[in-house]
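So this block is data.cif, mmCIF, C-alpha atoms:
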```cif
data_final
loop_
_atom_site.label_atom_id
_atom_site.label_comp_id
_atom_site.auth_asym_id
_atom_site.auth_seq_id
_atom_site.Cartn_x
_atom_site.Cartn_y
_atom_site.Cartn_z
CA MET I 1044 71.82 18.73 106.82
CA ALA I 1045 74.19 15.91 106.06
CA VAL I 1046 73.92 16.14 102.28
CA GLY I 1047 77.10 16.56 100.25
CA LYS I 1048 79.52 16.36 103.17
CA GLU I 1049 82.09 14.64 100.96
CA ILE I 1050 81.68 17.23 98.22
CA LYS I 1051 82.09 20.05 100.73
CA ASN I 1052 85.31 18.47 102.00
CA LYS I 1053 86.62 18.11 98.49
CA ILE I 1054 85.90 21.76 97.72
CA GLY I 1055 87.73 22.73 100.89
CA SER I 1056 90.82 20.78 99.93
CA PHE I 1057 90.86 22.29 96.44
CA GLU I 1058 90.62 25.73 97.98
CA ASN I 1059 93.65 25.01 100.14
CA MET I 1060 95.56 23.78 97.11
CA GLN I 1061 94.59 26.90 95.22
CA LYS I 1062 95.93 29.09 98.00
CA ILE I 1063 99.28 27.33 97.82
CA THR I 1064 99.59 27.46 94.03
CA SER I 1065 98.64 31.12 93.85
CA ALA I 1066 101.21 31.93 96.54
CA MET I 1067 103.84 30.02 94.56
CA GLN I 1068 102.81 31.88 91.44
CA MET I 1069 103.41 35.20 93.15
CA VAL I 1070 106.76 34.10 94.53
CA ALA I 1071 107.83 32.96 91.06
CA ALA I 1072 106.65 36.24 89.55
CA SER I 1073 108.82 38.31 91.87
CA LYS I 1074 111.81 36.02 91.43
CA MET I 1075 111.31 36.11 87.70
CA ARG I 1076 111.74 39.86 87.63
CA ARG I 1077 115.05 39.56 89.47
CA THR I 1078 116.40 36.71 87.34
CA GLN I 1079 115.29 38.47 84.18
CA ASP I 1080 117.17 41.60 85.18
CA ARG I 1081 120.27 39.54 85.77
CA MET I 1082 119.88 37.86 82.41
CA ARG I 1083 119.43 41.19 80.63
CA GLU I 1084 122.49 42.69 82.28
CA GLY I 1085 124.79 39.92 81.13
CA LYS I 1086 123.36 39.47 77.67
CA PRO I 1087 125.19 42.24 75.76
CA TYR I 1088 128.58 41.00 76.92
CA ALA I 1089 127.83 37.37 76.10
CA GLU I 1090 126.55 38.32 72.65
CA ARG I 1091 129.43 40.64 71.80
CA ILE I 1092 132.06 38.17 72.91
CA ARG I 1093 130.37 35.47 70.85
CA GLN I 1094 130.58 37.84 67.88
CA VAL I 1095 134.26 38.56 68.48
CA ILE I 1096 135.00 34.85 68.81
CA GLY I 1097 133.04 34.29 65.60
CA HIS I 1098 135.28 36.81 63.84
CA LEU I 1099 138.34 35.20 65.33
CA ALA I 1100 137.30 31.74 64.15
CA ASN I 1101 136.83 33.24 60.71
CA SER I 1102 140.28 34.75 60.53
CA SER I 1103 143.48 32.90 59.82
CA PRO I 1104 145.40 33.68 62.98
CA GLU I 1105 149.12 33.15 63.36
CA TYR I 1106 148.44 31.22 66.54
CA ARG I 1107 145.74 28.57 66.42
CA HIS I 1108 144.34 27.78 69.82
CA ILE I 1109 143.32 24.18 70.40
CA TYR I 1110 139.73 25.41 70.79
CA MET I 1111 139.83 26.49 67.14
CA GLU I 1112 140.88 23.18 65.62
CA THR I 1113 138.12 21.09 64.09
CA ARG I 1114 138.82 17.40 64.63
CA ASP I 1115 137.13 14.26 63.35
CA VAL I 1116 134.37 13.35 65.74
CA GLU I 1117 134.87 10.27 67.85
CA ARG I 1118 133.38 11.45 71.09
CA VAL I 1119 131.17 14.42 71.88
CA GLY I 1120 130.35 16.21 75.11
CA TYR I 1121 127.19 17.97 76.24
CA ILE I 1122 126.89 20.50 79.02
CA VAL I 1123 123.30 20.30 80.15
CA ILE I 1124 121.82 23.12 82.19
CA SER I 1125 118.66 22.31 84.10
CA THR I 1126 116.77 23.61 87.10
CA ASP I 1127 117.27 22.49 90.69
CA ARG I 1128 113.60 22.09 91.44
CA GLY I 1129 110.51 20.91 89.68
CA LEU I 1130 107.03 22.41 89.50
CA CYS I 1131 107.97 24.35 86.40
CA GLY I 1132 105.85 22.57 83.82
CA GLY I 1133 107.58 20.80 80.98
CA LEU I 1134 110.64 23.03 81.03
CA ASN I 1135 113.25 20.38 81.81
CA ILE I 1136 111.71 17.52 79.93
CA ASN I 1137 111.27 19.69 76.82
CA LEU I 1138 115.00 20.36 77.03
CA PHE I 1139 116.00 16.72 77.56
CA ARG I 1140 113.85 15.32 74.78
CA PRO I 1141 115.77 16.79 71.81
CA LEU I 1142 119.01 16.03 73.64
CA VAL I 1143 118.15 12.36 74.12
CA LYS I 1144 117.24 12.23 70.44
CA GLU I 1145 120.60 13.71 69.45
CA MET I 1146 122.41 11.32 71.75
CA ALA I 1147 120.63 8.41 70.07
CA GLU I 1148 121.75 9.75 66.69
CA TRP I 1149 125.38 9.93 67.84
CA HIS I 1150 125.14 6.41 69.24
CA ALA I 1151 123.75 5.16 65.94
CA LYS I 1152 126.90 6.50 64.29
CA GLY I 1153 129.03 4.75 66.90
CA ILE I 1154 130.03 7.96 68.65
CA GLU I 1155 130.21 8.10 72.42
CA VAL I 1156 128.53 10.90 74.36
CA ASP I 1157 129.76 12.45 77.62
CA LEU I 1158 127.51 14.53 79.83
CA GLY I 1159 128.34 17.38 82.17
CA LEU I 1160 125.25 18.24 84.17
CA LEU I 1161 124.30 21.40 86.04
CA GLY I 1162 121.24 21.31 88.27
CA ASN I 1163 119.44 18.57 90.20
CA LYS I 1164 116.87 17.75 87.57
CA ALA I 1165 119.41 16.85 84.90
CA ALA I 1166 121.37 14.76 87.39
CA ASP I 1167 118.23 12.83 88.40
CA PHE I 1168 117.00 12.40 84.87
CA PHE I 1169 120.20 11.10 83.34
CA ARG I 1170 120.91 8.86 86.27
CA SER I 1171 117.71 6.99 85.58
CA VAL I 1172 117.75 7.26 81.80
CA GLY I 1173 121.40 6.41 81.52
CA GLY I 1174 124.26 8.17 79.83
CA ASN I 1175 127.91 8.61 80.54
CA ILE I 1176 127.92 11.31 83.23
CA VAL I 1177 131.39 12.73 83.75
CA ALA I 1178 130.41 15.68 85.92
CA ALA I 1179 127.34 16.76 87.83
CA VAL I 1180 126.83 19.91 89.86
CA ARG I 1181 123.87 19.71 92.19
CA ASN I 1182 122.15 22.59 93.99
CA VAL I 1183 123.31 25.31 91.65
CA GLY I 1184 121.14 27.79 93.52
CA GLU I 1185 119.69 31.07 92.41
CA SER I 1186 122.82 33.19 92.26
CA PRO I 1187 125.64 30.78 91.46
CA SER I 1188 129.22 31.96 91.44
CA LEU I 1189 131.20 31.57 88.27
CA SER I 1190 133.90 29.52 89.96
CA ASP I 1191 131.36 26.95 91.21
CA LEU I 1192 129.92 26.51 87.74
CA ILE I 1193 133.17 26.38 85.83
CA GLY I 1194 134.88 24.31 88.51
CA GLY I 1195 132.18 21.67 88.34
CA ILE I 1196 132.33 21.11 84.62
CA LYS I 1197 135.99 21.89 84.04
CA VAL I 1198 136.59 18.20 83.31
CA MET I 1199 134.63 18.71 80.08
CA PHE I 1200 137.00 21.43 78.90
CA ASP I 1201 140.01 19.45 80.06
CA ALA I 1202 138.74 16.47 78.10
CA TYR I 1203 138.46 18.67 75.04
CA GLU I 1204 141.97 20.01 75.47
CA GLU I 1205 143.37 16.50 75.85
CA GLY I 1206 141.57 15.45 72.71
CA ALA I 1207 139.29 12.96 74.47
CA VAL I 1208 136.20 14.88 73.37
CA ASP I 1209 136.04 16.37 69.89
CA ARG I 1210 132.95 18.54 70.10
CA LEU I 1211 131.38 20.30 73.02
CA PHE I 1212 127.77 21.46 73.05
CA ILE I 1213 125.82 23.46 75.56
CA CYS I 1214 122.21 22.63 76.06
CA SER I 1215 119.90 25.07 77.85
CA ASN I 1216 116.65 26.95 77.60
CA GLU I 1217 116.50 30.21 75.74
CA PHE I 1218 114.25 32.87 77.18
CA VAL I 1219 111.97 34.13 74.40
CA ASN I 1220 109.31 35.68 76.63
CA THR I 1221 107.39 34.78 79.75
CA MET I 1222 105.15 32.38 77.85
CA THR I 1223 107.81 30.77 75.67
CA GLN I 1224 111.10 29.13 76.52
CA LYS I 1225 112.97 27.54 73.67
CA PRO I 1226 115.24 24.54 74.27
CA THR I 1227 118.48 25.12 72.40
CA ILE I 1228 121.61 23.08 71.78
CA ARG I 1229 124.55 25.21 70.72
CA GLN I 1230 128.06 24.21 69.76
CA LEU I 1231 130.56 25.68 72.19
CA LEU I 1232 133.77 24.10 70.94
CA PRO I 1233 135.42 24.15 68.51
CA LEU I 1234 134.64 27.82 68.02
CA SER I 1235 132.21 28.19 65.17
CA PRO I 1236 132.75 30.99 62.66
CA GLU I 1237 130.29 33.81 62.27
CA GLU I 1238 128.25 33.55 59.07
CA GLY I 1239 128.83 36.22 56.48
CA GLU I 1240 130.11 36.70 52.96
CA ALA I 1241 132.25 39.68 53.81
CA TYR I 1242 134.88 37.62 55.61
CA ARG I 1243 135.61 35.01 52.98
CA HIS I 1244 139.11 36.14 52.10
CA ARG I 1245 142.13 35.32 54.26
CA TRP I 1246 142.79 37.94 56.83
CA ASP I 1247 144.23 38.25 60.29
CA TYR I 1248 144.17 40.66 63.15
CA ILE I 1249 147.00 42.85 64.27
CA TYR I 1250 147.73 41.58 67.76
CA GLU I 1251 148.98 43.71 70.58
CA PRO I 1252 151.03 42.47 72.30
CA ASP I 1253 150.99 38.77 71.47
CA ALA I 1254 148.49 36.58 69.61
CA ARG I 1255 148.83 33.55 71.87
CA GLN I 1256 148.35 35.40 75.13
CA LEU I 1257 145.44 37.41 73.79
CA ILE I 1258 143.58 34.51 72.25
CA GLU I 1259 144.01 32.36 75.34
CA GLY I 1260 142.66 35.13 77.54
CA LEU I 1261 139.78 35.72 75.21
CA VAL I 1262 138.64 32.09 74.85
CA VAL I 1263 138.68 31.59 78.63
CA ARG I 1264 136.55 34.71 79.02
CA TYR I 1265 134.29 33.43 76.25
CA ILE I 1266 133.69 30.03 77.83
CA GLU I 1267 133.02 31.56 81.21
CA SER I 1268 130.59 34.10 79.88
CA GLN I 1269 128.72 31.57 77.76
CA VAL I 1270 128.27 29.07 80.58
CA TYR I 1271 127.36 31.75 83.10
CA GLN I 1272 124.90 33.43 80.76
CA ALA I 1273 123.27 30.10 79.93
CA VAL I 1274 122.78 29.35 83.63
CA VAL I 1275 121.37 32.80 84.34
CA GLU I 1276 119.06 32.60 81.34
CA ASN I 1277 117.92 29.13 82.33
CA SER I 1278 117.00 30.35 85.79
CA ALA I 1279 114.96 33.18 84.27
CA CYS I 1280 113.23 30.49 82.18
CA GLU I 1281 112.65 28.41 85.30
CA GLN I 1282 110.89 31.20 87.15
CA ALA I 1283 108.79 32.13 84.11
CA ALA I 1284 107.80 28.51 83.52
CA LYS I 1285 107.05 28.07 87.21
CA MET I 1286 104.87 31.14 87.20
CA MET I 1287 102.91 29.91 84.19
CA ALA I 1288 102.57 26.38 85.61
CA MET I 1289 101.29 27.71 88.92
CA LYS I 1290 98.92 30.09 87.17
CA ALA I 1291 97.49 27.18 85.21
CA ALA I 1292 97.20 25.12 88.40
CA THR I 1293 95.36 27.94 90.16
CA GLU I 1294 92.95 28.27 87.25
CA ASN I 1295 92.40 24.53 87.10
CA ALA I 1296 91.59 24.50 90.80
CA GLU I 1297 89.11 27.31 90.17
CA THR I 1298 87.25 25.33 87.47
CA LEU I 1299 87.20 22.22 89.66
CA ILE I 1300 85.80 24.24 92.55
CA ASP I 1301 83.13 25.72 90.28
CA GLU I 1302 82.12 22.28 89.00
CA LEU I 1303 82.01 20.79 92.47
CA THR I 1304 79.98 23.73 93.79
CA LEU I 1305 77.47 23.15 91.04
CA ILE I 1306 77.23 19.46 91.88
CA TYR I 1307 76.93 20.29 95.57
CA ASN I 1308 74.08 22.75 94.96
CA ASN I 1309 72.31 20.26 92.71
CA ALA I 1310 72.54 17.60 95.39
CA ARG I 1311 71.35 19.98 98.07
CA GLN I 1312 68.38 21.10 95.98
CA ALA I 1313 67.48 17.53 95.10
CA ALA I 1314 67.55 16.62 98.79
CA ILE I 1315 65.28 19.55 99.71
CA THR I 1316 62.88 18.75 96.89
CA GLN I 1317 62.74 15.14 97.94
CA GLU I 1318 62.09 16.06 101.55
CA ILE I 1319 59.22 18.35 100.54
CA ALA I 1320 57.82 15.66 98.28
CA GLU I 1321 57.96 13.21 101.17
CA ILE I 1322 56.19 15.61 103.55
CA VAL I 1323 53.54 16.43 100.95
CA GLY I 1324 53.10 12.71 100.18
CA GLY I 1325 52.82 11.94 103.87
CA ALA I 1326 50.25 14.69 104.44
CA ALA I 1327 48.20 13.48 101.47
CA ALA I 1328 48.17 9.92 102.85
CA VAL I 1329 46.75 11.13 106.17
CA MET O 1181 132.39 62.62 58.09
CA ALA O 1182 133.36 58.95 58.21
CA THR O 1183 132.11 57.13 61.29
CA ILE O 1184 132.67 53.79 62.93
CA HIS O 1185 130.27 51.85 65.09
CA CYS O 1186 131.39 51.45 68.67
CA ASP O 1187 130.05 49.15 71.38
CA ILE O 1188 131.24 49.19 74.95
CA VAL O 1189 129.97 46.32 77.06
CA SER O 1190 130.97 45.16 80.50
CA ALA O 1191 130.06 41.94 82.23
CA GLU O 1192 127.24 43.79 84.00
CA THR O 1193 125.71 45.88 81.28
CA GLU O 1194 125.93 47.63 77.93
CA ILE O 1195 127.46 51.05 78.44
CA PHE O 1196 127.56 52.60 75.02
CA SER O 1197 126.47 51.73 71.50
CA GLY O 1198 126.52 54.12 68.59
CA GLN O 1199 128.39 55.84 65.75
CA VAL O 1200 131.59 57.65 66.62
CA THR O 1201 134.34 59.37 64.66
CA MET O 1202 137.20 58.35 66.92
CA VAL O 1203 137.95 55.97 69.78
CA SER O 1204 140.95 56.25 72.04
CA ALA O 1205 141.79 53.75 74.75
CA THR O 1206 144.67 52.41 76.80
CA GLY O 1207 145.93 49.16 75.31
CA THR O 1208 148.35 46.83 77.05
CA VAL O 1209 151.20 48.22 74.96
CA GLY O 1210 150.16 51.84 74.98
CA GLU O 1211 147.60 54.44 74.02
CA LEU O 1212 145.52 53.67 70.96
CA GLY O 1213 143.62 55.98 68.69
CA ILE O 1214 141.21 54.32 66.28
CA LEU O 1215 139.72 56.14 63.31
CA PRO O 1216 137.26 54.77 60.74
CA GLY O 1217 139.02 52.43 58.32
CA HIS O 1218 141.40 50.97 60.88
CA ALA O 1219 142.79 47.50 60.13
CA PRO O 1220 141.41 44.53 62.13
CA LEU O 1221 143.03 44.62 65.55
CA LEU O 1222 142.79 42.64 68.73
CA THR O 1223 144.36 43.93 71.91
CA GLY O 1224 144.11 43.73 75.66
CA LEU O 1225 143.11 46.79 77.64
CA ARG O 1226 144.72 48.24 80.71
CA PRO O 1227 142.67 50.07 83.34
CA GLY O 1228 142.17 53.55 82.01
CA PRO O 1229 139.96 56.03 80.25
CA VAL O 1230 138.21 55.29 76.96
CA GLN O 1231 137.36 58.42 75.00
CA LEU O 1232 134.85 58.57 72.21
CA ARG O 1233 134.33 61.46 69.83
CA LEU O 1234 130.73 61.49 68.70
CA GLU O 1235 129.42 62.62 65.33
CA SER O 1236 128.21 65.86 66.88
CA GLY O 1237 131.79 66.65 67.89
CA GLU O 1238 131.06 66.02 71.56
CA GLU O 1239 133.37 63.82 73.54
CA GLU O 1240 132.40 61.14 76.01
CA VAL O 1241 134.73 59.59 78.56
CA PHE O 1242 134.35 56.13 80.04
CA PHE O 1243 136.41 54.11 82.44
CA ALA O 1244 137.36 50.50 81.68
CA SER O 1245 139.14 48.39 84.27
CA GLY O 1246 140.72 46.14 81.66
CA GLY O 1247 139.40 43.72 79.08
CA PHE O 1248 139.68 43.38 75.31
CA LEU O 1249 139.31 45.64 72.32
CA GLU O 1250 138.47 44.36 68.87
CA VAL O 1251 138.49 46.36 65.66
CA GLN O 1252 136.59 45.03 62.65
CA PRO O 1253 135.96 46.91 59.42
CA GLY O 1254 133.36 49.48 60.41
CA MET O 1255 133.12 48.53 64.07
CA VAL O 1256 134.93 48.63 67.38
CA THR O 1257 133.94 46.36 70.25
CA ILE O 1258 135.24 46.94 73.75
CA LEU O 1259 134.73 44.01 76.10
CA ALA O 1260 135.50 45.56 79.46
CA ASP O 1261 135.75 43.66 82.72
CA THR O 1262 133.99 46.48 84.43
CA ALA O 1263 133.20 49.80 82.86
CA ALA O 1264 131.47 53.00 83.90
CA ARG O 1265 130.68 56.41 82.57
CA ALA O 1266 133.35 58.74 83.83
CA GLU O 1267 130.68 60.94 85.47
CA ASP O 1268 129.67 57.96 87.62
CA LEU O 1269 133.13 57.49 89.06
CA ASP O 1270 133.46 58.56 92.65
CA GLU O 1271 136.49 60.79 93.00
CA ALA O 1272 136.72 60.48 96.77
CA ALA O 1273 136.53 56.69 96.56
CA ALA O 1274 139.21 56.62 93.87
CA VAL O 1275 141.58 58.76 95.94
CA GLU O 1276 140.92 56.64 99.01
CA ALA O 1277 141.48 53.39 97.12
CA ARG O 1278 144.73 54.75 95.77
CA GLU O 1279 145.97 55.82 99.18
CA ALA O 1280 145.01 52.47 100.69
CA ALA O 1281 146.87 50.64 97.92
CA GLU O 1282 149.95 52.84 98.32
CA ARG O 1283 149.93 52.31 102.06
CA ALA O 1284 149.66 48.55 101.60
CA LEU O 1285 152.59 48.66 99.20
CA SER O 1286 154.81 50.62 101.57
CA GLU O 1287 153.89 48.78 104.77
CA GLN O 1288 153.78 45.23 103.42
CA ALA O 1289 152.04 43.34 106.18
CA ALA O 1290 152.53 39.61 106.73
CA ASP O 1291 149.59 38.46 104.60
CA PHE O 1292 150.58 40.85 101.86
CA ASP O 1293 150.01 40.00 98.22
CA PHE O 1294 152.11 42.24 96.04
CA SER O 1295 150.37 41.57 92.75
CA VAL O 1296 146.91 42.23 94.18
CA ALA O 1297 148.00 45.50 95.74
CA ALA O 1298 149.78 46.58 92.58
CA ALA O 1299 146.67 45.84 90.51
CA GLN O 1300 144.52 47.80 92.95
CA LEU O 1301 146.90 50.73 92.77
CA ALA O 1302 146.91 50.64 88.98
CA GLU O 1303 143.14 50.62 88.87
CA ALA O 1304 142.73 53.44 91.36
CA MET O 1305 145.28 55.55 89.46
CA ALA O 1306 143.52 54.82 86.19
CA GLN O 1307 140.23 55.99 87.67
CA GLN O 1308 141.85 59.22 88.76
CA ARG O 1309 143.36 59.64 85.32
CA THR O 1310 139.91 59.21 83.78
CA LEU O 1311 138.50 61.86 86.10
CA ASP O 1312 141.32 64.25 85.25
CA GLU O 1313 140.62 63.71 81.58
CA LEU O 1314 136.97 64.47 82.15
CA ARG O 1315 137.76 67.62 84.06
CA LYS O 1316 140.07 68.86 81.32
CA ARG O 1317 137.29 68.41 78.82
CA ARG O 1318 134.72 70.25 80.89
CA ARG O 1319 136.94 73.30 81.21
#
```
Please go through the file and, once you have read it, give me the structure as structure tokens.
Amino acid sequence: MAVGKEIKNKIGSFENMQKITSAMQMVAASKMRRTQDRMREGKPYAERIRQVIGHLANSSPEYRHIYMETRDVERVGYIVISTDRGLCGGLNINLFRPLVKEMAEWHAKGIEVDLGLLGNKAADFFRSVGGNIVAAVRNVGESPSLSDLIGGIKVMFDAYEEGAVDRLFICSNEFVNTMTQKPTIRQLLPLSPEEGEAYRHRWDYIYEPDARQLIEGLVVRYIESQVYQAVVENSACEQAAKMMAMKAATENAETLIDELTLIYNNARQAAITQEIAEIVGGAAAV
Amino acid sequence: MATIHCDIVSAETEIFSGQVTMVSATGTVGELGILPGHAPLLTGLRPGPVQLRLESGEEEVFFASGGFLEVQPGMVTILADTAARAEDLDEAAAVEAREAAERALSEQAADFDFSVAAAQLAEAMAQQRTLDELRKRRR
């Protein structure tokens, strides 16, 4: 019976699509577990060092590192962390949207914005949207090395040290849970003090051996850990978002297949009924 | 008894978090003992054992391969480059690493990097020191 050939074909192609998306969902799920582990391992260190730096910014140290000086803003820098590949729902675009808005606000105040980009998606997006890209690292990969990351965007920190850029922000996705990823923009430099009433009075650390050497070592460690952690967290977000997107795609394919099957059965039944009616009509005429 | 909160984290994981009555560690300028009420302090760490005395009076020994130590009122944070529980250290590996480093130092091959070898030796010796400390405590 030739009825519904087109519908049958369509159902077949949706089934193939569904197979692919459900396979991708499973791949993302297993990768997510790995990336999440990596994120969890690094998190305590990144948080503690942020705390220590917060304390340090609050104190009145004998040696003030250039990263601790707050300058008048004439130019700001953003380090944007994105994924290498798509098919992860609105993850990247949700991150870029608030960033583009902030950039517009800076421009309205006559302040220039520099961008340091990590990941293919950010590089593609800002190349078409526009923006002053000073550094872009493509193909970050799933387990990037610290030196690759820092090396690629070192120009941003150099610019800050030279005084060309007065604020440096890092823009990445925060992993809340598998369902939710929150785009965040955090100030990296100058170091922002930890909130808290207890530290209002002037105080300083005892340094052993030497304030300058210690603080320099510590801020370098801080920057590295913050950038690395942000990249690792973003890749956990990527896999989670990918898994959810592929799950939704698989379910959508399922509903489409159901609908088409219904239409196909209707058409088939109608054809049979019509054929019977024709035979009966023909018999009656004889 | 007065206590102080202590966190030990390394780049890979959180090793310890809890209330202690005393922390002792190897700073870049020498051994440090920190009791509750210590003034704010920031120091580098050398490879070596970190000993904690818990509220129960028990002692725990960790190994830190260097990093930073911060003292704030009521809390001590140790940011170690790598850290491990002393029990997890492998004695045989530590001895072997030490011997290899000593050999490298005495032979000095063509592609020899003195500072790297010296750092390796220091770390291996610090691991052994940590294990000795642990053994003393067990006795």
* **Spatial neighbours of stretch 1188-1191 of chain O, 6 Å, all atoms listed in the file, chain gap at least 2 places, as a ChimeraX atom specification** => /I:1085,1088 /O:1193-1196,1258-1263
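Comparing O:Asp1293, O:Leu1221, O:Arg1226, O:Glu1235 by their smallest distance to O:Thr1201, the closest is O:Glu1235 (using only C-alpha atoms).
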Could the residues of chain I that have an atom at most 6 Å from chain O be listed as CSV, each with its closest atom pair and the distance in Å to one decimal, counting only C-alpha atoms and ordered by chain and ascending residue number?
```
residue,atom,partner,partner_atom,distance
I:Glu1084,CA,O:Thr1193,CA,4.6
I:Gly1085,CA,O:Glu1192,CA,5.4
I:Pro1087,CA,O:Glu1194,CA,5.9
I:Tyr1088,CA,O:Val1189,CA,5.5
I:Tyr1248,CA,O:Leu1221,CA,4.8
I:Ile1249,CA,O:Leu1221,CA,4.5
I:Tyr1250,CA,O:Leu1222,CA,5.1
I:Glu1251,CA,O:Thr1223,CA,4.8
```
* Which residues, written as a list of chain:residue names, have at least one atom at most 12 Å from I:Gln1068, with all atoms listed in the file counted and residues fewer than 6 positions away on the same chain left out? -> I:Gln1061, I:Lys1062, I:Lys1074, I:Met1075, I:Leu1130, I:Cys1131, I:Gln1282, I:Ala1283, I:Ala1284, I:Lys1285, I:Met1286, I:Met1287, I:Ala1288, I:Met1289, I:Lys1290, I:Ala1291, I:Ala1292, I:Thr1293, I:Glu1294
If you count only C-alpha atoms, which residues fall within 6 Å of stretch 1102-1108 of chain I, apart from same-chain ones fewer than 3 positions away, as a CSV table (one decimal) with C-alpha atoms, in the frame of the given file?
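Printed below is around_25.csv as written:
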```csv
chain,number,residue,atom,x,y,z
I,1099,LEU,CA,138.3,35.2,65.3
I,1111,MET,CA,139.8,26.5,67.1
I,1246,TRP,CA,142.8,37.9,56.8
I,1247,ASP,CA,144.2,38.2,60.3
I,1255,ARG,CA,148.8,33.6,71.9
```
Can you tell me, as a JSON list (two decimals) with C-alpha atoms, in the coordinates of the input, what residues are no more than 7 Å from I:Leu1161 when counting only C-alpha atoms, ignoring any on the same chain fewer than 5 positions away?
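Final file, selection-v6.json:
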```
[["chain", "number", "residue", "atom", "x", "y", "z"],
["I", 1123, "VAL", "CA", 123.30, 20.30, 80.15],
["I", 1124, "ILE", "CA", 121.82, 23.12, 82.19],
["I", 1125, "SER", "CA", 118.66, 22.31, 84.10],
["I", 1179, "ALA", "CA", 127.34, 16.76, 87.83],
["I", 1180, "VAL", "CA", 126.83, 19.91, 89.86],
["I", 1181, "ARG", "CA", 123.87, 19.71, 92.19],
["I", 1183, "VAL", "CA", 123.31, 25.31, 91.65]]
```
* Scan for residues within 10 Å of the point (121.3, 37.9, 83.3) in the coordinates of the file, using all atoms listed in the file, and reply as a PyMOL selection string. => (chain I and resi 1077-1087+1089+1271-1279) or (chain O and resi 1191-1193)
